[in-house]
Amino acid sequence: MKPTVAPFPAARLRRLRGTPALRAMVRETTLTPADFIWPVFVMDGHDAEEPIPSMPGVSRLTVDRVAKAARRAEALGIPAICIFPYTPQEARTEDCAMAWDPDNIANRAIRAVKDAAPGIAVMTDIALDPYNINGQDGYVEDGEIVNDRTVEALVKMALAQAACGADILGPSDMMDGRIGAMRTALESEGYQKVAILSYTAKYASAFYGPFRDAVGASGALKGDKTTYQMDPSNSDEALRLVERDLAEGADMIMVKPGMPYLDICRRVKDSFGVPTFAYQVSGEYAMLKAASQNGWLDGPKVMMESLMAFRRAGCDGILTYFAPEAAELLGG
Ligand SMILES: NCC(=O)CCC(=O)O
């Protein structure tokens, strides 16, 4: 559609920007607390939290405090919370068996949230990195991240999370074939209602640094993730991945990181029209927080502007550490 514009002065585009009422009338994009998924970090212990220095305002929470956070999310109108476990280095192993232990910290948090706030959708993370001795998302054999053996482990992890009541599984590992393998296993084990929000276009990004501090992976990670996460130079490849994940049974797809990849969000939404999410990752959060703490940016304003940008780029929702703060500002 080509907009019609009369010649000046018949057309003065500033007319509709003249007052708050006129601006509200012609606003094209909306942002509400229902657009957010709130990622939270869970750690062992009771009634405690531990601030994450590289993510000002974000703390790791014990399971009981995650349950409290879920009640807060519910009160604010945030529909979903996403759980990430913190694992100390000494608890990481080569076989990653803790990943599918029904009593690992993430699975205990899923159950606690379902108990405390049954109206909230619980999303999980599926990848081996929180449990892996070398911080990689897959098993490492002779220096290589192996695909098929990793997928078998991820399926076990998915089933354990589904058994604990997870509503949305978030495979973030970028192995090939994992969506199909999980979907088949979920169907055959009676978990037909469990949704998959696939981390489909997940780029090998330097913006994940603070997250690795948060989950205890910074010291653990050996090498990088460039043999499985996407090359930041690529865009067509993201569309092939979306097509593949949808064909394998993903219900929703994600682009990650967010702000530097809004072009990908727009292409994905325009090409497929499926529920599309973006992850405003830890580094994006840290940049905005650090600049606002220094007085270089207006924190609340850049937060809201950045979140609106995701919606304008076609995203149906945003995983963001700003979720509670933004929801409060929106009057949630
Ligand atoms: N699998 C989840 C992540 O890698 C999150 C990254 C971030 O927030 O930086």
# chains A, B, ... in the order shown; residues from 1 in each chain; ligands from 1
>>> residues_around(residues="A:Ala247", least_positions_apart="2", cutoff="12 Å", atoms="only C-alpha atoms", output="CSV table (one decimal) with N, CA and C atoms, in the first residue's frame")
chain,number,residue,atom,x,y,z
A,177,GLY,N,17.2,-31.0,14.3
A,177,GLY,CA,16.3,-32.1,14.5
A,177,GLY,C,15.6,-32.2,15.9
A,178,ARG,N,16.0,-31.2,16.7
A,178,ARG,CA,15.5,-31.3,18.1
A,178,ARG,C,14.0,-31.1,18.2
A,179,ILE,N,13.4,-30.2,17.4
A,179,ILE,CA,12.0,-29.9,17.6
A,179,ILE,C,11.2,-31.1,17.2
A,180,GLY,N,11.5,-31.7,16.1
A,180,GLY,CA,10.8,-32.9,15.7
A,180,GLY,C,10.9,-34.0,16.7
A,183,ARG,N,8.7,-33.1,19.7
A,183,ARG,CA,7.3,-33.1,19.4
A,183,ARG,C,6.8,-34.6,19.4
A,198,SER,N,10.3,-22.3,19.9
A,198,SER,CA,11.6,-22.6,19.6
A,198,SER,C,12.5,-21.4,19.4
A,240,ARG,N,15.0,-20.1,6.6
A,240,ARG,CA,15.1,-21.5,6.4
A,240,ARG,C,14.9,-22.3,7.8
A,241,LEU,N,15.4,-21.7,8.8
A,241,LEU,CA,15.3,-22.3,10.1
A,241,LEU,C,13.9,-22.2,10.6
A,242,VAL,N,13.2,-21.1,10.4
A,242,VAL,CA,11.8,-21.0,10.8
A,242,VAL,C,11.0,-22.0,10.1
A,243,GLU,N,11.2,-22.1,8.8
A,243,GLU,CA,10.4,-23.0,8.0
A,243,GLU,C,10.6,-24.5,8.5
A,244,ARG,N,11.8,-24.8,8.8
A,244,ARG,CA,12.2,-26.1,9.3
A,244,ARG,C,11.5,-26.4,10.7
A,245,ASP,N,11.6,-25.4,11.6
A,245,ASP,CA,11.1,-25.6,13.0
A,245,ASP,C,9.6,-25.7,12.9
A,249,GLY,N,7.1,-29.0,14.1
A,249,GLY,CA,6.1,-29.0,15.2
A,249,GLY,C,6.3,-27.9,16.2
A,250,ALA,N,7.0,-26.8,15.9
A,250,ALA,CA,7.1,-25.7,16.8
A,250,ALA,C,5.8,-24.9,16.7
A,251,ASP,N,5.3,-24.4,17.8
A,251,ASP,CA,4.1,-23.6,17.9
A,251,ASP,C,4.4,-22.1,17.7
A,252,MET,N,5.6,-21.7,18.2
A,252,MET,CA,6.0,-20.3,18.2
A,252,MET,C,7.5,-20.3,17.9
A,253,ILE,N,7.9,-19.1,17.4
A,253,ILE,CA,9.4,-19.1,17.1
A,253,ILE,C,10.0,-17.8,17.7
A,272,PHE,N,6.0,-15.6,7.4
A,272,PHE,CA,5.3,-16.7,8.0
A,272,PHE,C,4.0,-16.4,8.7
>>> closest_atom_pairs(of="chain A", to="ligand 1", cutoff="10 Å", atoms="only C-alpha atoms and all ligand atoms", output="Markdown table")
| residue | atom | partner | partner_atom_place_in_ligand_line | distance |
| --- | --- | --- | --- | --- |
| A:Pro39 | CA | ligand 1 | 8 (O) | 8.2 |
| A:Met55 | CA | ligand 1 | 8 (O) | 9.8 |
| A:Cys82 | CA | ligand 1 | 2 (C) | 9.5 |
| A:Ile83 | CA | ligand 1 | 2 (C) | 9.5 |
| A:Phe84 | CA | ligand 1 | 2 (C) | 7.5 |
| A:Thr124 | CA | ligand 1 | 1 (N) | 9.4 |
| A:Asp125 | CA | ligand 1 | 1 (N) | 6.2 |
| A:Ile126 | CA | ligand 1 | 1 (N) | 7.7 |
| A:Ala127 | CA | ligand 1 | 1 (N) | 7.4 |
| A:Leu128 | CA | ligand 1 | 1 (N) | 9.9 |
| A:Asp129 | CA | ligand 1 | 1 (N) | 8.6 |
| A:Pro130 | CA | ligand 1 | 1 (N) | 9.3 |
| A:Asp137 | CA | ligand 1 | 1 (N) | 9.1 |
| A:Gly170 | CA | ligand 1 | 1 (N) | 8.2 |
| A:Pro171 | CA | ligand 1 | 1 (N) | 8.0 |
| A:Ser172 | CA | ligand 1 | 1 (N) | 5.1 |
| A:Asp173 | CA | ligand 1 | 1 (N) | 7.5 |
| A:Tyr199 | CA | ligand 1 | 1 (N) | 8.1 |
| A:Lys202 | CA | ligand 1 | 4 (O) | 8.7 |
| A:Tyr203 | CA | ligand 1 | 4 (O) | 9.8 |
| A:Ala204 | CA | ligand 1 | 4 (O) | 9.8 |
| A:Ser205 | CA | ligand 1 | 9 (O) | 8.7 |
| A:Ala206 | CA | ligand 1 | 9 (O) | 8.6 |
| A:Phe207 | CA | ligand 1 | 9 (O) | 5.9 |
| A:Tyr208 | CA | ligand 1 | 9 (O) | 3.3 |
| A:Gly209 | CA | ligand 1 | 9 (O) | 6.2 |
| A:Pro210 | CA | ligand 1 | 9 (O) | 6.2 |
| A:Phe211 | CA | ligand 1 | 9 (O) | 4.4 |
| A:Arg212 | CA | ligand 1 | 9 (O) | 7.1 |
| A:Asp213 | CA | ligand 1 | 9 (O) | 9.4 |
| A:Ala214 | CA | ligand 1 | 8 (O) | 9.0 |
| A:Val215 | CA | ligand 1 | 3 (C) | 9.4 |
| A:Lys256 | CA | ligand 1 | 6 (C) | 7.9 |
| A:Pro257 | CA | ligand 1 | 6 (C) | 7.5 |
| A:Gly258 | CA | ligand 1 | 8 (O) | 9.9 |
| A:Tyr279 | CA | ligand 1 | 8 (O) | 7.2 |
| A:Gln280 | CA | ligand 1 | 8 (O) | 6.9 |
| A:Val281 | CA | ligand 1 | 8 (O) | 3.6 |
| A:Ser282 | CA | ligand 1 | 9 (O) | 3.8 |
| A:Gly283 | CA | ligand 1 | 9 (O) | 5.8 |
| A:Glu284 | CA | ligand 1 | 9 (O) | 7.9 |
| A:Tyr285 | CA | ligand 1 | 8 (O) | 8.3 |
| A:Ala286 | CA | ligand 1 | 9 (O) | 9.5 |
| A:Leu319 | CA | ligand 1 | 8 (O) | 8.7 |
| A:Thr320 | CA | ligand 1 | 8 (O) | 8.1 |
| A:Tyr321 | CA | ligand 1 | 8 (O) | 8.1 |
>>> closest_residue(among="A:Met182, A:Ala112, A:Ala291, A:Met259", to="A:Arg311", atoms="only C-alpha atoms")
A:Met259
>>> residues_around(residues="stretch 153-155 of chain A", least_positions_apart="2", cutoff="7 Å", atoms="only C-alpha atoms", output="list in words")
Ile126, Ala127, Arg149, Thr150, Val151, Met157, Ala158, Leu159, Ala181 and Met182 of chain A
>>> write_last_selection(atoms="N, CA and C atoms", output="mmCIF file, in the first residue's frame")
data_model
loop_
_atom_site.group_PDB
_atom_site.id
_atom_site.type_symbol
_atom_site.label_atom_id
_atom_site.label_comp_id
_atom_site.auth_asym_id
_atom_site.auth_seq_id
_atom_site.Cartn_x
_atom_site.Cartn_y
_atom_site.Cartn_z
ATOM 1 N N ILE A 126 15.602 -25.345 27.329
ATOM 2 C CA ILE A 126 16.144 -26.674 27.045
ATOM 3 C C ILE A 126 17.470 -26.529 26.310
ATOM 4 N N ALA A 127 18.538 -26.845 27.019
ATOM 5 C CA ALA A 127 19.894 -26.872 26.472
ATOM 6 C C ALA A 127 20.747 -27.455 27.591
ATOM 7 N N ARG A 149 23.453 -37.198 19.682
ATOM 8 C CA ARG A 149 23.458 -37.642 21.081
ATOM 9 C C ARG A 149 22.900 -36.525 21.979
ATOM 10 N N THR A 150 23.195 -35.307 21.618
ATOM 11 C CA THR A 150 22.658 -34.174 22.390
ATOM 12 C C THR A 150 21.137 -34.147 22.293
ATOM 13 N N VAL A 151 20.613 -34.376 21.084
ATOM 14 C CA VAL A 151 19.148 -34.333 20.918
ATOM 15 C C VAL A 151 18.482 -35.376 21.815
ATOM 16 N N MET A 157 15.173 -34.172 28.765
ATOM 17 C CA MET A 157 14.992 -32.923 29.519
ATOM 18 C C MET A 157 13.581 -32.371 29.283
ATOM 19 N N ALA A 158 13.152 -32.413 28.029
ATOM 20 C CA ALA A 158 11.824 -31.891 27.667
ATOM 21 C C ALA A 158 10.732 -32.682 28.387
ATOM 22 N N LEU A 159 10.861 -33.993 28.400
ATOM 23 C CA LEU A 159 9.830 -34.823 29.039
ATOM 24 C C LEU A 159 9.788 -34.585 30.544
ATOM 25 N N ALA A 181 12.080 -34.237 17.248
ATOM 26 C CA ALA A 181 12.279 -35.309 18.231
ATOM 27 C C ALA A 181 11.462 -35.024 19.495
ATOM 28 N N MET A 182 11.444 -33.770 19.923
ATOM 29 C CA MET A 182 10.673 -33.421 21.133
ATOM 30 C C MET A 182 9.183 -33.546 20.888
#
>>> atom_distance(atom1="atom CA of A:Val122", atom2="atom CA of A:Ala326")
19.6 Å
>>> closest_residue(among="A:Cys265, A:Ala75, A:Val40, A:Ala309", to="A:Gly119", atoms="only C-alpha atoms")
A:Ala75
>>> select_by_dssp(residues="stretch 171-283 of chain A", states="helix (DSSP H, G or I)", output="CSV table (one decimal) with N, CA and C atoms, in the first residue's frame")
chain,number,residue,atom,x,y,z
A,178,ARG,N,16.0,-31.2,16.7
A,178,ARG,CA,15.5,-31.3,18.1
A,178,ARG,C,14.0,-31.1,18.2
A,179,ILE,N,13.4,-30.2,17.4
A,179,ILE,CA,12.0,-29.9,17.6
A,179,ILE,C,11.2,-31.1,17.2
A,180,GLY,N,11.5,-31.7,16.1
A,180,GLY,CA,10.8,-32.9,15.7
A,180,GLY,C,10.9,-34.0,16.7
A,181,ALA,N,12.1,-34.2,17.2
A,181,ALA,CA,12.3,-35.3,18.2
A,181,ALA,C,11.5,-35.0,19.5
A,182,MET,N,11.4,-33.8,19.9
A,182,MET,CA,10.7,-33.4,21.1
A,182,MET,C,9.2,-33.5,20.9
A,183,ARG,N,8.7,-33.1,19.7
A,183,ARG,CA,7.3,-33.1,19.4
A,183,ARG,C,6.8,-34.6,19.4
A,184,THR,N,7.6,-35.4,18.8
A,184,THR,CA,7.2,-36.9,18.7
A,184,THR,C,7.1,-37.5,20.1
A,185,ALA,N,8.1,-37.2,20.9
A,185,ALA,CA,8.2,-37.7,22.3
A,185,ALA,C,7.0,-37.2,23.1
A,186,LEU,N,6.7,-35.9,23.0
A,186,LEU,CA,5.6,-35.3,23.8
A,186,LEU,C,4.3,-35.9,23.4
A,187,GLU,N,4.1,-36.1,22.1
A,187,GLU,CA,2.8,-36.7,21.6
A,187,GLU,C,2.7,-38.1,22.1
A,188,SER,N,3.8,-38.9,22.1
A,188,SER,CA,3.6,-40.3,22.5
A,188,SER,C,3.6,-40.5,24.0
A,206,ALA,N,27.7,-11.8,21.1
A,206,ALA,CA,28.5,-11.4,22.3
A,206,ALA,C,27.6,-10.7,23.3
A,207,PHE,N,26.3,-10.5,23.0
A,207,PHE,CA,25.3,-9.8,23.9
A,207,PHE,C,24.9,-10.7,25.0
A,208,TYR,N,25.3,-12.0,25.1
A,208,TYR,CA,24.8,-12.9,26.1
A,208,TYR,C,25.7,-12.9,27.4
A,209,GLY,N,26.8,-12.1,27.4
A,209,GLY,CA,27.8,-12.1,28.5
A,209,GLY,C,27.2,-12.1,29.9
A,210,PRO,N,26.3,-11.1,30.2
A,210,PRO,CA,25.8,-11.1,31.6
A,210,PRO,C,25.0,-12.3,31.9
A,211,PHE,N,24.2,-12.8,31.0
A,211,PHE,CA,23.4,-14.1,31.2
A,211,PHE,C,24.3,-15.2,31.7
A,212,ARG,N,25.5,-15.3,31.1
A,212,ARG,CA,26.4,-16.4,31.5
A,212,ARG,C,26.9,-16.2,32.9
A,213,ASP,N,27.0,-14.9,33.3
A,213,ASP,CA,27.4,-14.6,34.7
A,213,ASP,C,26.2,-15.1,35.6
A,214,ALA,N,25.0,-14.8,35.1
A,214,ALA,CA,23.8,-15.1,35.9
A,214,ALA,C,23.6,-16.6,36.2
A,236,ASP,N,18.8,-14.8,5.4
A,236,ASP,CA,18.0,-15.8,4.7
A,236,ASP,C,18.0,-17.1,5.5
A,237,GLU,N,19.1,-17.4,6.1
A,237,GLU,CA,19.2,-18.7,6.9
A,237,GLU,C,18.2,-18.7,8.0
A,238,ALA,N,17.9,-17.6,8.6
A,238,ALA,CA,16.8,-17.5,9.6
A,238,ALA,C,15.5,-18.0,9.1
A,239,LEU,N,15.2,-17.6,7.9
A,239,LEU,CA,13.9,-18.0,7.3
A,239,LEU,C,13.9,-19.5,7.0
A,240,ARG,N,15.0,-20.1,6.6
A,240,ARG,CA,15.1,-21.5,6.4
A,240,ARG,C,14.9,-22.3,7.8
A,241,LEU,N,15.4,-21.7,8.8
A,241,LEU,CA,15.3,-22.3,10.1
A,241,LEU,C,13.9,-22.2,10.6
A,242,VAL,N,13.2,-21.1,10.4
A,242,VAL,CA,11.8,-21.0,10.8
A,242,VAL,C,11.0,-22.0,10.1
A,243,GLU,N,11.2,-22.1,8.8
A,243,GLU,CA,10.4,-23.0,8.0
A,243,GLU,C,10.6,-24.5,8.5
A,244,ARG,N,11.8,-24.8,8.8
A,244,ARG,CA,12.2,-26.1,9.3
A,244,ARG,C,11.5,-26.4,10.7
A,245,ASP,N,11.6,-25.4,11.6
A,245,ASP,CA,11.1,-25.6,13.0
A,245,ASP,C,9.6,-25.7,12.9
A,246,LEU,N,8.9,-24.9,12.1
A,246,LEU,CA,7.5,-25.0,12.0
A,246,LEU,C,7.1,-26.4,11.4
A,247,ALA,N,7.8,-26.9,10.4
A,247,ALA,CA,7.5,-28.1,9.8
A,247,ALA,C,7.7,-29.3,10.8
A,248,GLU,N,8.6,-29.1,11.8
A,248,GLU,CA,8.8,-30.1,12.8
A,248,GLU,C,7.9,-30.1,14.0
A,259,MET,N,17.3,-6.4,19.9
A,259,MET,CA,17.4,-5.1,19.2
A,259,MET,C,18.3,-5.1,18.0
A,260,PRO,N,19.5,-5.8,18.0
A,260,PRO,CA,20.3,-5.7,16.8
A,260,PRO,C,19.7,-6.6,15.7
A,261,TYR,N,18.6,-7.3,15.9
A,261,TYR,CA,18.1,-8.3,15.0
A,261,TYR,C,16.6,-8.0,14.6
A,262,LEU,N,16.2,-6.7,14.7
A,262,LEU,CA,14.8,-6.4,14.4
A,262,LEU,C,14.5,-6.6,13.0
A,263,ASP,N,15.5,-6.5,12.1
A,263,ASP,CA,15.3,-6.8,10.7
A,263,ASP,C,14.8,-8.3,10.5
A,264,ILE,N,15.4,-9.2,11.3
A,264,ILE,CA,15.1,-10.6,11.2
A,264,ILE,C,13.6,-10.8,11.7
A,265,CYS,N,13.3,-10.1,12.8
A,265,CYS,CA,11.9,-10.2,13.3
A,265,CYS,C,10.9,-9.9,12.2
A,266,ARG,N,11.2,-8.8,11.6
A,266,ARG,CA,10.2,-8.3,10.6
A,266,ARG,C,10.1,-9.3,9.4
A,267,ARG,N,11.3,-9.8,9.0
A,267,ARG,CA,11.3,-10.7,7.8
A,267,ARG,C,10.5,-12.0,8.2
A,268,VAL,N,10.7,-12.5,9.4
A,268,VAL,CA,10.1,-13.7,9.9
A,268,VAL,C,8.6,-13.5,9.9
A,269,LYS,N,8.2,-12.4,10.5
A,269,LYS,CA,6.7,-12.1,10.7
A,269,LYS,C,6.1,-12.0,9.3
A,270,ASP,N,6.7,-11.2,8.4
A,270,ASP,CA,6.1,-11.0,7.1
A,270,ASP,C,6.1,-12.3,6.3
A,271,SER,N,7.1,-13.2,6.5
A,271,SER,CA,7.1,-14.4,5.6
A,271,SER,C,6.2,-15.5,6.1
A,272,PHE,N,6.0,-15.6,7.4
A,272,PHE,CA,5.3,-16.7,8.0
A,272,PHE,C,4.0,-16.4,8.7
A,282,SER,N,20.4,-10.3,27.9
A,282,SER,CA,21.1,-9.7,29.0
A,282,SER,C,22.0,-8.5,28.7
A,283,GLY,N,22.7,-8.6,27.6
A,283,GLY,CA,23.6,-7.5,27.2
A,283,GLY,C,22.8,-6.3,26.8
>>> residues_around(residues="stretch 218-224 of chain A", least_positions_apart="3", cutoff="7 Å", atoms="only C-alpha atoms", output="PyMOL selection string")
chain A and resi 89+133-136+212-213
>>> write_last_selection(atoms="N, CA and C atoms", output="mmCIF file, in the first residue's frame")
data_model
loop_
_atom_site.group_PDB
_atom_site.id
_atom_site.type_symbol
_atom_site.label_atom_id
_atom_site.label_comp_id
_atom_site.auth_asym_id
_atom_site.auth_seq_id
_atom_site.Cartn_x
_atom_site.Cartn_y
_atom_site.Cartn_z
ATOM 1 N N GLN A 89 29.830 -24.369 39.420
ATOM 2 C CA GLN A 89 30.746 -25.176 38.598
ATOM 3 C C GLN A 89 30.888 -26.610 39.139
ATOM 4 N N ILE A 133 29.820 -29.463 32.059
ATOM 5 C CA ILE A 133 31.083 -29.070 32.689
ATOM 6 C C ILE A 133 31.832 -28.037 31.852
ATOM 7 N N ASN A 134 31.584 -28.045 30.530
ATOM 8 C CA ASN A 134 32.313 -27.109 29.659
ATOM 9 C C ASN A 134 31.435 -25.955 29.169
ATOM 10 N N GLY A 135 30.221 -25.844 29.718
ATOM 11 C CA GLY A 135 29.362 -24.696 29.395
ATOM 12 C C GLY A 135 28.759 -24.708 28.002
ATOM 13 N N GLN A 136 28.963 -25.790 27.241
ATOM 14 C CA GLN A 136 28.377 -25.852 25.895
ATOM 15 C C GLN A 136 26.927 -26.357 25.969
ATOM 16 N N ARG A 212 25.493 -15.295 31.083
ATOM 17 C CA ARG A 212 26.405 -16.386 31.483
ATOM 18 C C ARG A 212 26.902 -16.165 32.905
ATOM 19 N N ASP A 213 27.043 -14.906 33.313
ATOM 20 C CA ASP A 213 27.352 -14.636 34.731
ATOM 21 C C ASP A 213 26.183 -15.114 35.589
#
>>> closest_residue(among="A:Asp167, A:Asp64, A:Asp316, A:Asp231", to="A:Ala48", atoms="only C-alpha atoms")
A:Asp64
>>> residues_around(residues="A:Pro88", least_positions_apart="3", cutoff="9 Å", atoms="only C-alpha atoms", output="list of chain:residue names")
A:Ala91, A:Arg92, A:Pro130, A:Tyr131, A:Val215, A:Gly216, A:Ala217
>>> write_last_selection(atoms="N, CA and C atoms", output="JSON list (two decimals), in the first residue's frame")
[["chain", "number", "residue", "atom", "x", "y", "z"],
["A", 91, "ALA", "N", 28.83, -28.53, 40.44],
["A", 91, "ALA", "CA", 27.67, -29.40, 40.20],
["A", 91, "ALA", "C", 27.54, -29.80, 38.72],
["A", 92, "ARG", "N", 28.40, -29.24, 37.87],
["A", 92, "ARG", "CA", 28.33, -29.55, 36.43],
["A", 92, "ARG", "C", 29.07, -30.84, 36.13],
["A", 130, "PRO", "N", 23.49, -25.25, 31.26],
["A", 130, "PRO", "CA", 23.53, -25.03, 32.71],
["A", 130, "PRO", "C", 24.10, -26.22, 33.48],
["A", 131, "TYR", "N", 24.19, -27.37, 32.83],
["A", 131, "TYR", "CA", 24.61, -28.60, 33.54],
["A", 131, "TYR", "C", 25.94, -29.14, 33.04],
["A", 215, "VAL", "N", 23.91, -17.43, 35.19],
["A", 215, "VAL", "CA", 23.67, -18.87, 35.36],
["A", 215, "VAL", "C", 24.95, -19.63, 35.72],
["A", 216, "GLY", "N", 26.02, -18.88, 35.97],
["A", 216, "GLY", "CA", 27.26, -19.52, 36.42],
["A", 216, "GLY", "C", 28.03, -20.18, 35.29],
["A", 217, "ALA", "N", 27.78, -19.75, 34.02],
["A", 217, "ALA", "CA", 28.43, -20.41, 32.89],
["A", 217, "ALA", "C", 29.67, -19.67, 32.39]]
